[in-house]
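Dumped model_18.tsv below, it's TSV, C-alpha atoms and all ligand atoms:
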```
chain	number	residue	atom	x	y	z
A	31	MET	CA	85.97	81.23	96.90
A	32	ARG	CA	88.07	83.26	94.52
A	33	ALA	CA	90.75	85.84	95.26
A	34	LEU	CA	92.62	88.43	93.23
A	35	VAL	CA	96.22	88.99	94.32
A	36	THR	CA	97.88	92.06	92.79
A	37	GLY	CA	101.65	91.74	92.86
A	38	GLY	CA	101.08	88.00	92.98
A	39	ALA	CA	104.39	87.18	91.28
A	40	GLY	CA	106.38	89.07	93.90
A	41	PHE	CA	108.06	87.79	97.05
A	42	LEU	CA	105.09	88.12	99.41
A	43	GLY	CA	102.40	87.89	96.73
A	44	SER	CA	103.60	84.49	95.54
A	45	HIS	CA	103.64	83.07	99.08
A	46	LEU	CA	100.14	84.46	99.57
A	47	CYS	CA	98.90	82.84	96.32
A	48	GLU	CA	100.29	79.52	97.54
A	49	ARG	CA	98.53	79.87	100.87
A	50	LEU	CA	95.20	80.74	99.26
A	51	LEU	CA	95.44	77.70	96.96
A	52	ALA	CA	96.21	75.54	100.01
A	53	GLU	CA	93.03	76.91	101.63
A	54	GLY	CA	91.12	75.66	98.58
A	55	TRP	CA	90.64	79.08	96.97
A	56	GLU	CA	90.87	79.89	93.30
A	57	VAL	CA	93.48	82.56	92.66
A	58	VAL	CA	93.81	85.21	89.98
A	59	CYS	CA	97.36	86.50	90.15
A	60	MET	CA	98.01	89.90	88.59
A	61	ASP	CA	101.47	91.39	88.11
A	62	ASN	CA	103.24	93.71	85.68
A	63	LEU	CA	106.51	91.87	86.44
A	64	SER	CA	108.41	95.09	87.13
A	65	THR	CA	109.86	93.59	90.29
A	66	GLY	CA	107.89	90.32	90.31
A	67	ASP	CA	109.19	87.19	88.59
A	68	MET	CA	107.42	84.34	86.79
A	69	ALA	CA	109.90	81.97	88.46
A	70	ASN	CA	108.08	82.68	91.76
A	71	ILE	CA	104.79	81.25	90.46
A	72	GLU	CA	105.93	78.72	87.83
A	73	HIS	CA	105.09	75.85	90.16
A	74	LEU	CA	101.52	77.16	90.54
A	75	MET	CA	100.85	77.47	86.81
A	76	GLY	CA	98.93	74.70	85.12
A	77	GLY	CA	97.44	73.52	88.39
A	78	GLY	CA	93.67	74.00	88.51
A	79	GLY	CA	92.45	77.14	90.20
A	80	PHE	CA	95.39	79.41	89.37
A	81	ARG	CA	95.43	82.02	86.65
A	82	PHE	CA	98.07	84.63	85.85
A	83	LEU	CA	97.30	87.99	84.21
A	84	LYS	CA	100.18	90.23	83.15
A	85	VAL	CA	98.54	93.54	83.91
A	86	ASP	CA	99.64	96.85	85.36
A	87	VAL	CA	97.23	97.56	88.18
A	88	THR	CA	97.51	101.32	87.57
A	89	ASP	CA	95.63	100.76	84.27
A	90	TYR	CA	91.97	99.83	84.14
A	91	ILE	CA	91.71	96.29	85.51
A	92	HIS	CA	89.18	93.74	84.46
A	93	VAL	CA	88.67	90.34	86.05
A	94	PRO	CA	85.83	88.27	84.64
A	95	GLY	CA	83.67	86.28	87.09
A	96	GLU	CA	83.27	86.38	90.82
A	97	VAL	CA	85.92	87.76	93.17
A	98	HIS	CA	85.43	87.43	96.91
A	99	ARG	CA	88.66	88.93	98.15
A	100	VAL	CA	91.19	91.37	96.72
A	101	PHE	CA	94.71	91.38	98.16
A	102	HIS	CA	96.53	94.50	96.96
A	103	PHE	CA	100.20	93.54	97.17
A	104	ALA	CA	101.54	95.24	94.04
A	105	SER	CA	104.35	97.75	94.62
A	106	PRO	CA	108.10	98.00	94.47
A	107	ALA	CA	109.04	97.37	98.09
A	108	SER	CA	112.78	97.62	98.37
A	109	PRO	CA	114.46	101.01	98.86
A	110	ILE	CA	116.63	100.71	95.74
A	111	ASP	CA	113.61	99.67	93.66
A	112	TYR	CA	111.51	102.62	94.65
A	113	LEU	CA	114.45	104.97	94.25
A	114	GLU	CA	114.80	103.70	90.69
A	115	MET	CA	111.04	103.74	90.07
A	116	PRO	CA	109.70	106.71	92.03
A	117	ILE	CA	106.77	107.50	89.72
A	118	PRO	CA	105.55	103.88	89.30
A	119	THR	CA	105.79	103.52	93.10
A	120	LEU	CA	103.61	106.58	93.63
A	121	LYS	CA	101.23	105.43	90.90
A	122	VAL	CA	100.72	101.91	92.20
A	123	GLY	CA	100.00	103.20	95.70
A	124	SER	CA	97.53	105.81	94.44
A	125	LEU	CA	96.02	104.91	91.05
A	126	GLY	CA	96.66	101.18	91.59
A	127	THR	CA	95.02	101.16	95.01
A	128	HIS	CA	92.09	103.09	93.54
A	129	LYS	CA	91.64	100.57	90.69
A	130	ALA	CA	91.93	97.60	93.04
A	131	LEU	CA	89.42	99.15	95.46
A	132	GLY	CA	87.07	99.92	92.57
A	133	LEU	CA	87.20	96.31	91.48
A	134	ALA	CA	86.55	95.08	95.04
A	135	HIS	CA	83.61	97.46	95.31
A	136	ALA	CA	82.12	96.33	91.98
A	137	LYS	CA	82.51	92.65	92.94
A	138	GLY	CA	81.37	93.04	96.53
A	139	ALA	CA	84.75	91.66	97.61
A	140	ARG	CA	86.66	92.18	100.84
A	141	PHE	CA	89.81	94.26	100.35
A	142	VAL	CA	93.14	93.58	102.05
A	143	MET	CA	95.77	96.31	101.75
A	144	ALA	CA	99.47	95.49	102.06
A	145	SER	CA	100.70	98.50	104.00
A	146	THR	CA	104.03	98.86	105.69
A	147	SER	CA	106.00	99.84	108.76
A	148	GLU	CA	107.33	102.64	106.53
A	149	VAL	CA	104.15	104.58	107.33
A	150	TYR	CA	105.91	105.23	110.67
A	151	GLY	CA	108.94	106.69	108.83
A	152	ASP	CA	111.95	107.20	111.12
A	153	PRO	CA	109.86	106.58	114.23
A	154	LEU	CA	110.12	108.67	117.35
A	155	GLU	CA	107.95	106.19	119.27
A	156	HIS	CA	109.48	102.80	119.98
A	157	PRO	CA	108.26	100.09	119.55
A	158	GLN	CA	105.67	101.21	117.04
A	159	LYS	CA	102.00	100.84	117.92
A	160	GLU	CA	99.31	101.21	115.26
A	161	SER	CA	98.14	104.38	117.03
A	162	TYR	CA	101.45	106.13	116.20
A	163	TRP	CA	101.05	108.61	113.32
A	164	GLY	CA	104.63	108.42	112.21
A	165	ASN	CA	107.57	110.63	111.31
A	166	VAL	CA	107.82	110.62	107.53
A	167	ASN	CA	109.76	113.02	105.32
A	168	PRO	CA	107.40	113.54	102.37
A	169	VAL	CA	110.08	115.06	100.12
A	170	GLY	CA	112.94	112.65	100.96
A	171	PRO	CA	113.91	109.74	98.69
A	172	ARG	CA	111.76	107.26	100.64
A	173	GLY	CA	108.77	109.62	100.55
A	174	VAL	CA	107.55	108.12	97.26
A	175	TYR	CA	106.93	104.79	98.96
A	176	ASP	CA	105.98	105.98	102.44
A	177	GLU	CA	103.48	108.56	101.25
A	178	ALA	CA	102.05	106.23	98.59
A	179	LYS	CA	101.32	103.69	101.32
A	180	ARG	CA	99.93	106.33	103.67
A	181	PHE	CA	97.67	107.56	100.87
A	182	SER	CA	96.63	103.94	100.19
A	183	GLU	CA	95.58	103.55	103.82
A	184	ALA	CA	93.55	106.77	103.66
A	185	LEU	CA	91.90	105.66	100.42
A	186	VAL	CA	91.05	102.26	101.88
A	187	MET	CA	89.44	103.93	104.92
A	188	GLY	CA	87.56	106.24	102.52
A	189	TYR	CA	86.06	103.25	100.71
A	190	HIS	CA	85.30	101.61	104.03
A	191	ARG	CA	83.55	104.64	105.51
A	192	PHE	CA	81.85	105.98	102.39
A	193	HIS	CA	81.00	102.79	100.49
A	194	GLY	CA	80.84	100.41	103.45
A	195	LEU	CA	83.48	98.22	101.77
A	196	GLU	CA	84.89	95.48	103.99
A	197	THR	CA	88.55	96.41	104.30
A	198	ARG	CA	91.65	95.22	106.16
A	199	ILE	CA	95.02	96.94	106.46
A	200	VAL	CA	98.17	95.01	107.34
A	201	ARG	CA	101.29	96.98	108.26
A	202	ILE	CA	104.08	94.67	107.21
A	203	PHE	CA	107.44	94.93	108.97
A	204	ASN	CA	110.74	93.64	107.54
A	205	THR	CA	110.14	90.15	106.21
A	206	TYR	CA	112.59	87.65	104.77
A	207	GLY	CA	112.54	84.23	103.19
A	208	PRO	CA	112.82	82.31	99.93
A	209	ARG	CA	111.97	84.25	96.74
A	210	MET	CA	113.44	87.56	97.86
A	211	ARG	CA	115.23	88.89	94.83
A	212	LEU	CA	118.95	88.40	95.08
A	213	ASN	CA	119.68	91.90	93.78
A	214	ASP	CA	116.83	93.80	95.44
A	215	GLY	CA	119.32	95.66	97.61
A	216	ARG	CA	117.77	94.79	100.93
A	217	ALA	CA	119.92	93.75	103.83
A	218	LEU	CA	119.20	90.02	103.81
A	219	PRO	CA	119.68	89.22	100.10
A	220	ALA	CA	122.71	91.52	100.02
A	221	PHE	CA	124.37	89.94	103.06
A	222	MET	CA	123.57	86.36	102.05
A	223	SER	CA	124.82	86.69	98.50
A	224	GLN	CA	127.94	88.54	99.68
A	225	ALA	CA	128.62	85.89	102.33
A	226	LEU	CA	128.12	83.01	99.88
A	227	ARG	CA	130.51	84.61	97.38
A	228	GLY	CA	133.07	85.47	100.05
A	229	GLU	CA	132.69	89.19	99.24
A	230	ASP	CA	132.76	92.05	101.74
A	231	ILE	CA	129.52	92.51	103.66
A	232	THR	CA	128.21	96.04	103.05
A	233	VAL	CA	126.78	97.44	106.26
A	234	PHE	CA	125.41	100.95	105.78
A	235	GLY	CA	126.16	103.51	108.48
A	236	ASP	CA	127.74	102.21	111.68
A	237	GLY	CA	125.31	99.29	111.79
A	238	THR	CA	123.66	100.42	115.04
A	239	GLN	CA	120.31	101.00	113.32
A	240	THR	CA	117.84	98.28	114.22
A	241	ARG	CA	115.29	96.17	112.40
A	242	SER	CA	113.09	93.25	113.45
A	243	PHE	CA	112.96	90.43	110.91
A	244	CYS	CA	109.95	88.19	110.40
A	245	TYR	CA	110.01	84.89	108.50
A	246	VAL	CA	107.67	84.88	105.52
A	247	ASP	CA	105.53	81.91	106.67
A	248	ASP	CA	104.73	83.70	109.93
A	249	LEU	CA	103.81	86.85	108.05
A	250	ILE	CA	101.49	85.02	105.65
A	251	GLU	CA	99.76	83.31	108.59
A	252	GLY	CA	99.14	86.74	110.15
A	253	ILE	CA	97.81	88.16	106.89
A	254	TRP	CA	95.52	85.18	106.41
A	255	ARG	CA	94.13	85.57	109.93
A	256	LEU	CA	93.61	89.30	109.45
A	257	SER	CA	91.81	88.73	106.16
A	258	GLU	CA	89.48	86.30	107.94
A	259	SER	CA	88.88	88.69	110.85
A	260	ASP	CA	86.47	91.62	111.00
A	261	GLU	CA	89.07	94.26	111.94
A	262	PRO	CA	89.04	97.31	109.63
A	263	PHE	CA	91.81	99.27	111.37
A	264	PRO	CA	95.51	98.68	110.69
A	265	VAL	CA	97.27	95.74	112.35
A	266	ASN	CA	101.06	95.40	112.60
A	267	ILE	CA	102.39	92.04	111.49
A	268	GLY	CA	106.06	91.49	112.17
A	269	ASN	CA	108.49	89.87	114.54
A	270	PRO	CA	109.37	91.98	117.60
A	271	ALA	CA	112.81	90.33	117.93
A	272	GLU	CA	114.89	93.45	117.28
A	273	MET	CA	118.57	93.51	116.42
A	274	THR	CA	121.14	95.90	115.04
A	275	ILE	CA	122.08	95.59	111.37
A	276	LYS	CA	125.65	94.85	112.48
A	277	GLU	CA	124.39	91.90	114.57
A	278	PHE	CA	122.29	90.76	111.65
A	279	ALA	CA	125.33	90.84	109.33
A	280	GLU	CA	127.37	88.87	111.89
A	281	THR	CA	124.60	86.29	112.19
A	282	VAL	CA	124.55	85.78	108.41
A	283	VAL	CA	128.36	85.47	108.24
A	284	GLU	CA	128.31	82.87	111.01
A	285	LEU	CA	125.44	80.87	109.51
A	286	THR	CA	127.05	80.73	106.07
A	287	ASP	CA	130.43	79.89	107.55
A	288	SER	CA	131.83	82.63	105.37
A	289	GLY	CA	135.24	84.27	105.37
A	290	SER	CA	133.64	87.62	104.48
A	291	THR	CA	134.54	90.73	106.43
A	292	ILE	CA	132.07	93.40	107.42
A	293	THR	CA	132.70	96.78	105.79
A	294	TYR	CA	130.98	100.08	106.48
A	295	HIS	CA	129.45	102.41	103.89
A	296	PRO	CA	127.47	105.67	103.98
A	297	LEU	CA	123.99	105.42	105.42
A	298	PRO	CA	121.26	106.10	102.84
A	299	GLU	CA	119.27	109.31	103.40
A	300	ASP	CA	116.32	108.99	105.83
A	301	ASP	CA	117.25	105.41	106.76
A	302	PRO	CA	115.16	104.73	109.89
A	303	GLN	CA	117.30	104.43	113.02
A	304	GLN	CA	115.07	101.91	114.77
A	305	ARG	CA	112.09	99.72	114.01
A	306	ARG	CA	110.20	97.15	116.06
A	307	PRO	CA	106.52	96.29	115.88
A	308	ASP	CA	104.26	96.34	118.89
A	309	ILE	CA	102.14	93.27	118.06
A	310	THR	CA	99.65	93.51	120.93
A	311	ARG	CA	96.76	94.08	118.53
A	312	ALA	CA	97.70	91.09	116.36
A	313	GLN	CA	97.98	88.94	119.49
A	314	GLU	CA	94.64	90.09	120.91
A	315	ILE	CA	92.57	90.32	117.73
A	316	LEU	CA	94.07	87.50	115.68
A	317	GLY	CA	95.65	85.26	118.33
A	318	TRP	CA	98.78	85.57	116.18
A	319	GLN	CA	102.43	85.77	117.00
A	320	PRO	CA	105.54	84.71	115.08
A	321	ARG	CA	106.77	81.15	115.62
A	322	VAL	CA	109.84	80.74	113.41
A	323	ARG	CA	113.08	81.67	115.15
A	324	LEU	CA	115.65	83.72	113.26
A	325	ASP	CA	118.22	80.88	113.05
A	326	GLU	CA	115.62	78.48	111.64
A	327	GLY	CA	114.23	81.04	109.17
A	328	LEU	CA	117.71	82.01	108.02
A	329	LYS	CA	118.61	78.35	107.43
A	330	ARG	CA	115.56	77.87	105.22
A	331	THR	CA	116.34	81.08	103.36
A	332	LEU	CA	119.97	80.09	102.89
A	333	GLU	CA	118.90	76.87	101.14
A	334	TYR	CA	117.04	79.02	98.63
A	335	PHE	CA	119.88	81.48	98.10
A	336	LYS	CA	122.38	78.64	97.60
A	337	THR	CA	120.38	77.64	94.52
A	338	LYS	CA	120.47	81.22	93.20
A	339	VAL	CA	123.99	82.45	93.92
A	340	ARG	CA	126.74	81.47	91.55
A	341	VAL	CA	129.85	81.21	93.68
A	342	GLY	CA	133.26	81.96	92.16
A	401	LIG	N1	121.49	97.76	104.78
A	401	LIG	C1	122.85	97.56	104.88
A	401	LIG	N2	123.52	97.00	103.83
A	401	LIG	C2	122.91	96.61	102.68
A	401	LIG	C3	121.51	96.79	102.59
A	401	LIG	C4	120.84	97.37	103.65
A	401	LIG	O1	123.44	97.89	105.91
A	401	LIG	O2	123.61	96.12	101.77
A	401	LIG	C5	120.77	98.38	105.91
A	401	LIG	C6	119.87	99.54	105.52
A	401	LIG	O3	120.60	100.75	105.46
A	401	LIG	C7	118.86	99.50	106.66
A	401	LIG	C8	118.78	98.02	107.02
A	401	LIG	O4	119.94	97.41	106.48
A	401	LIG	O5	119.35	100.21	107.78
A	401	LIG	C9	117.55	97.34	106.43
A	401	LIG	O6	117.50	97.70	105.09
A	401	LIG	P1	116.50	97.05	104.05
A	401	LIG	O7	116.81	97.66	102.72
A	401	LIG	O8	116.56	95.56	104.14
A	401	LIG	O9	115.05	97.47	104.52
A	401	LIG	P2	114.43	98.80	105.18
A	401	LIG	O10	114.04	98.35	106.53
A	401	LIG	O11	115.45	99.90	105.25
A	401	LIG	O12	113.31	99.13	104.30
```
Hey, can you dump this file as structure tokens for me?
Amino acid sequence: MRALVTGGAGFLGSHLCERLLAEGWEVVCMDNLSTGDMANIEHLMGGGGFRFLKVDVTDYIHVPGEVHRVFHFASPASPIDYLEMPIPTLKVGSLGTHKALGLAHAKGARFVMASTSEVYGDPLEHPQKESYWGNVNPVGPRGVYDEAKRFSEALVMGYHRFHGLETRIVRIFNTYGPRMRLNDGRALPAFMSQALRGEDITVFGDGTQTRSFCYVDDLIEGIWRLSESDEPFPVNIGNPAEMTIKEFAETVVELTDSGSTITYHPLPEDDPQQRRPDITRAQEILGWQPRVRLDEGLKRTLEYFKTKVRVG
């Protein structure tokens, strides 16, 4: 079996490539390296069954030979990245999803779309079930990502209904783990690098906004199970253990044994006030639920960040 992973040199894409290789699949990894990094896949290069193509998925994409599954994971995914790259973010979610779907259709491959909890926007329903339609500001700064992913979902369902393409949609909630980019601006890399350097921890707003953090291995297991299932409608994959960002910052300070103090800064526009997945569908359809506790996941992630952060 052979898979194409777009965004394969990114944080989640690289873990997915690894998992597919471990399942005995051949993997074609495609990435334009705008936010991805060759360092994430170096260890996979040269081994049989893995091929890297530096390609922008918004251009015409060509993959010679058979492809049985397409995982469309290409996109900037951190708020500061998509604020810096609004047009590429919109393009990868629209043109890129179209190209990737076209390739899946031509190859007779199953298509797995990396969607996001951001389709729920600043949610008025809590926790978020897949049936919730969301509360997204289309013209706010996050709209470029949220609407691109919502459009992707609609396009995927179009291909499913019109062309009979086998499709899966995973709504990914906040995920953390090794290979997150140190400077991607998200809470975990920011807090860990600040704590390791003894710098102030930058909590945005008053820190009462909540998130629910899932360890990357759990997420990949859920995605793998979904891709093997026959469920065409969206499935939330995330960890329902919800906490405030202030609690999260305190947890990181404690774990790193850091002398850092927590400081408060303006909340970015449209920053969701609360987020927690309802994972009933994942439990029922996939028999999946997260296994890695936050303290364990954070310890593993810290080991990675210690190798990346230059202290002093
Ligand atoms: N956040 C923060 N300090 C930072 C980075 C992020 O307080 O240095 C907050 C951010 O405002 C949000 C939460 O942490 O409320 C999670 O942000 P992240 O960028 O990790 O992901 P999001 O869930 O917002 O996409």
>> Taking all atoms listed in the file into account, which residues have an atom no farther than 9 Å from ligand LIG 401 (chain A)? I'd like them as an MDAnalysis selection string.
In response: chainID A and resid 107:110 147:148 203:206 214:221 224 231:242 274:276 278:279 294:299 301:305
Take the selection from the previous step and output its residues with C-alpha atoms, as a PDB file, keeping the file's coordinate frame.
```pdb
ATOM      1  CA  ALA A 107     109.040  97.370  98.090  1.00  0.00           C
ATOM      2  CA  SER A 108     112.780  97.620  98.370  1.00  0.00           C
ATOM      3  CA  PRO A 109     114.460 101.010  98.860  1.00  0.00           C
ATOM      4  CA  ILE A 110     116.630 100.710  95.740  1.00  0.00           C
ATOM      5  CA  SER A 147     106.000  99.840 108.760  1.00  0.00           C
ATOM      6  CA  GLU A 148     107.330 102.640 106.530  1.00  0.00           C
ATOM      7  CA  PHE A 203     107.440  94.930 108.970  1.00  0.00           C
ATOM      8  CA  ASN A 204     110.740  93.640 107.540  1.00  0.00           C
ATOM      9  CA  THR A 205     110.140  90.150 106.210  1.00  0.00           C
ATOM     10  CA  TYR A 206     112.590  87.650 104.770  1.00  0.00           C
ATOM     11  CA  ASP A 214     116.830  93.800  95.440  1.00  0.00           C
ATOM     12  CA  GLY A 215     119.320  95.660  97.610  1.00  0.00           C
ATOM     13  CA  ARG A 216     117.770  94.790 100.930  1.00  0.00           C
ATOM     14  CA  ALA A 217     119.920  93.750 103.830  1.00  0.00           C
ATOM     15  CA  LEU A 218     119.200  90.020 103.810  1.00  0.00           C
ATOM     16  CA  PRO A 219     119.680  89.220 100.100  1.00  0.00           C
ATOM     17  CA  ALA A 220     122.710  91.520 100.020  1.00  0.00           C
ATOM     18  CA  PHE A 221     124.370  89.940 103.060  1.00  0.00           C
ATOM     19  CA  GLN A 224     127.940  88.540  99.680  1.00  0.00           C
ATOM     20  CA  ILE A 231     129.520  92.510 103.660  1.00  0.00           C
ATOM     21  CA  THR A 232     128.210  96.040 103.050  1.00  0.00           C
ATOM     22  CA  VAL A 233     126.780  97.440 106.260  1.00  0.00           C
ATOM     23  CA  PHE A 234     125.410 100.950 105.780  1.00  0.00           C
ATOM     24  CA  GLY A 235     126.160 103.510 108.480  1.00  0.00           C
ATOM     25  CA  ASP A 236     127.740 102.210 111.680  1.00  0.00           C
ATOM     26  CA  GLY A 237     125.310  99.290 111.790  1.00  0.00           C
ATOM     27  CA  THR A 238     123.660 100.420 115.040  1.00  0.00           C
ATOM     28  CA  GLN A 239     120.310 101.000 113.320  1.00  0.00           C
ATOM     29  CA  THR A 240     117.840  98.280 114.220  1.00  0.00           C
ATOM     30  CA  ARG A 241     115.290  96.170 112.400  1.00  0.00           C
ATOM     31  CA  SER A 242     113.090  93.250 113.450  1.00  0.00           C
ATOM     32  CA  THR A 274     121.140  95.900 115.040  1.00  0.00           C
ATOM     33  CA  ILE A 275     122.080  95.590 111.370  1.00  0.00           C
ATOM     34  CA  LYS A 276     125.650  94.850 112.480  1.00  0.00           C
ATOM     35  CA  PHE A 278     122.290  90.760 111.650  1.00  0.00           C
ATOM     36  CA  ALA A 279     125.330  90.840 109.330  1.00  0.00           C
ATOM     37  CA  TYR A 294     130.980 100.080 106.480  1.00  0.00           C
ATOM     38  CA  HIS A 295     129.450 102.410 103.890  1.00  0.00           C
ATOM     39  CA  PRO A 296     127.470 105.670 103.980  1.00  0.00           C
ATOM     40  CA  LEU A 297     123.990 105.420 105.420  1.00  0.00           C
ATOM     41  CA  PRO A 298     121.260 106.100 102.840  1.00  0.00           C
ATOM     42  CA  GLU A 299     119.270 109.310 103.400  1.00  0.00           C
ATOM     43  CA  ASP A 301     117.250 105.410 106.760  1.00  0.00           C
ATOM     44  CA  PRO A 302     115.160 104.730 109.890  1.00  0.00           C
ATOM     45  CA  GLN A 303     117.300 104.430 113.020  1.00  0.00           C
ATOM     46  CA  GLN A 304     115.070 101.910 114.770  1.00  0.00           C
ATOM     47  CA  ARG A 305     112.090  99.720 114.010  1.00  0.00           C
TER      48      ARG A 305
END
```
> Which residue gives the smallest distance to Phe80 in chain A among A:Cys59, A:Ala134, A:Met68, A:Leu332, with all atoms listed in the file counted?
Replying inline: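 Once distances to Phe80 in chain A are computed over all atoms listed in the file, the minimum belongs to A:Cys59.
The nearest approach to Gly289 in chain A among the residues A:Asp247, A:Glu56, A:Asp230, A:Glu160, with only C-alpha atoms taken into account, belongs to A:Asp230.
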> Distance CA of Gly151 in chain A-CA of Asp67 in chain A, one decimal place?
Replying inline: 28.1 Å
> Quick one, how far is CA of Pro264 in chain A from CA of Thr197 in chain A?
Replying inline: 9.7 Å
>> Here is a test: counting only C-alpha atoms, which residue of A:Lys338, A:Phe192, A:Gly37, A:Gly78 is nearest to Ala52 in chain A?
In response: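 Of A:Lys338, A:Phe192, A:Gly37, A:Gly78, the one nearest Ala52 in chain A is A:Gly78, counting only C-alpha atoms.
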> Could you pull the residues within 7 Å of range 125-129 of chain A, counting all atoms listed in the file, minus those fewer than 2 positions along the same chain, as a list in words?
Replying inline: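 Counting all atoms listed in the file, the residues come to Val87, Thr88, Tyr90, Ile91, Lys121, Val122, Gly123, Leu131, Gly132, Leu133 and Ser182 of chain A.
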Okay, now the selection with C-alpha atoms, as a tab-separated table (two decimals), keeping the file's coordinate frame?
```tsv
chain	number	residue	atom	x	y	z
A	87	VAL	CA	97.23	97.56	88.18
A	88	THR	CA	97.51	101.32	87.57
A	90	TYR	CA	91.97	99.83	84.14
A	91	ILE	CA	91.71	96.29	85.51
A	121	LYS	CA	101.23	105.43	90.90
A	122	VAL	CA	100.72	101.91	92.20
A	123	GLY	CA	100.00	103.20	95.70
A	131	LEU	CA	89.42	99.15	95.46
A	132	GLY	CA	87.07	99.92	92.57
A	133	LEU	CA	87.20	96.31	91.48
A	182	SER	CA	96.63	103.94	100.19
```
Once 6 Å is added on each side, what centre and edge lengths in Å to one decimal does the axis-aligned box around all listed atoms of range 258-264 of chain A have, as lines of an AutoDock Vina configuration file?
```
center_x = 91.0
center_y = 92.8
center_z = 109.9
size_x = 21.0
size_y = 25.0
size_z = 16.0
```
>> My list of candidates is A:Asp86, A:Glu196, A:Glu72, A:Asp248. Which is closest to Asp260 in chain A when distances are computed with all atoms listed in the file?
In response: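 Nearest candidate to Asp260 in chain A out of A:Asp86, A:Glu196, A:Glu72, A:Asp248: A:Glu196.
Compared by their closest atoms to Val322 in chain A, and using all atoms listed in the file, the residues A:Gly79, A:Pro157, A:Pro307, A:Gly268 rank with A:Gly268 nearest.
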Pick out the residues sitting within 10 Å of Leu51 in chain A, and hand them over as a PDB file with C-alpha atoms, in the frame of the given file; count all atoms listed in the file, and ignore anything fewer than 2 positions along from it in its own chain.
```pdb
ATOM      1  CA  ARG A  32      88.070  83.260  94.520  1.00  0.00           C
ATOM      2  CA  ALA A  33      90.750  85.840  95.260  1.00  0.00           C
ATOM      3  CA  LEU A  46     100.140  84.460  99.570  1.00  0.00           C
ATOM      4  CA  CYS A  47      98.900  82.840  96.320  1.00  0.00           C
ATOM      5  CA  GLU A  48     100.290  79.520  97.540  1.00  0.00           C
ATOM      6  CA  ARG A  49      98.530  79.870 100.870  1.00  0.00           C
ATOM      7  CA  GLU A  53      93.030  76.910 101.630  1.00  0.00           C
ATOM      8  CA  GLY A  54      91.120  75.660  98.580  1.00  0.00           C
ATOM      9  CA  TRP A  55      90.640  79.080  96.970  1.00  0.00           C
ATOM     10  CA  GLU A  56      90.870  79.890  93.300  1.00  0.00           C
ATOM     11  CA  VAL A  57      93.480  82.560  92.660  1.00  0.00           C
ATOM     12  CA  LEU A  74     101.520  77.160  90.540  1.00  0.00           C
ATOM     13  CA  GLY A  77      97.440  73.520  88.390  1.00  0.00           C
ATOM     14  CA  GLY A  78      93.670  74.000  88.510  1.00  0.00           C
ATOM     15  CA  GLY A  79      92.450  77.140  90.200  1.00  0.00           C
ATOM     16  CA  PHE A  80      95.390  79.410  89.370  1.00  0.00           C
TER      17      PHE A  80
END
```
> Just how far from CA of Ile71 in chain A is CA of Phe41 in chain A, in Å to one decimal?
Replying inline: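 These two atoms are separated by 9.8 Å.
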> Looking at only C-alpha atoms, which of A:Val339, A:Ile250, A:Met222, A:Leu34 is the one that sits closest to Asp287 in chain A?
Replying inline: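 Closest residue, counting only C-alpha atoms: A:Met222.
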>> I want to know what sits within 9 Å of Phe103 in chain A, based on all atoms listed in the file, with residues of the same chain fewer than 4 positions away left out; could you give that as a PyMOL selection string?
In response: chain A and resi 35-38+40+42-43+142-145
>> Set the distance at 10 Å and use only C-alpha atoms: which residues neighbour Tyr112 in chain A once local chain neighbours fewer than 6 positions away are removed? I'd like the list as a PyMOL selection string.
In response: chain A and resi 105-106+118-120+171-175
Taking only C-alpha atoms, show range 214-240 of chain A of the given structure as a compact mmCIF listing (two decimals), in the first residue's frame.
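Output below, filename out_27.txt:
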```txt
# COMPACT_ATOMS: atom_id res chain seq x y z
CA ASP A 214 5.48 28.81 15.89
CA GLY A 215 3.86 31.06 18.46
CA ARG A 216 1.55 28.48 19.95
CA ALA A 217 1.11 28.21 23.66
CA LEU A 218 3.15 25.07 24.30
CA PRO A 219 6.34 25.90 22.34
CA ALA A 220 6.16 29.48 23.62
CA PHE A 221 5.77 28.48 27.28
CA MET A 222 8.36 25.69 27.14
CA SER A 223 11.04 27.76 25.47
CA GLN A 224 10.34 30.70 27.80
CA ALA A 225 10.48 28.43 30.85
CA LEU A 226 13.72 26.77 29.73
CA ARG A 227 15.36 30.15 29.15
CA GLY A 228 14.05 31.59 32.41
CA GLU A 229 12.13 34.27 30.49
CA ASP A 230 8.70 35.64 31.37
CA ILE A 231 5.82 33.37 30.36
CA THR A 232 3.51 35.28 28.00
CA VAL A 233 -0.09 34.45 28.79
CA PHE A 234 -2.50 36.26 26.49
CA GLY A 235 -5.62 37.78 28.04
CA ASP A 236 -6.33 36.88 31.66
CA GLY A 237 -5.55 33.22 31.00
CA THR A 238 -9.10 32.04 31.75
CA GLN A 239 -9.65 30.87 28.17
CA THR A 240 -9.55 27.10 27.94
```
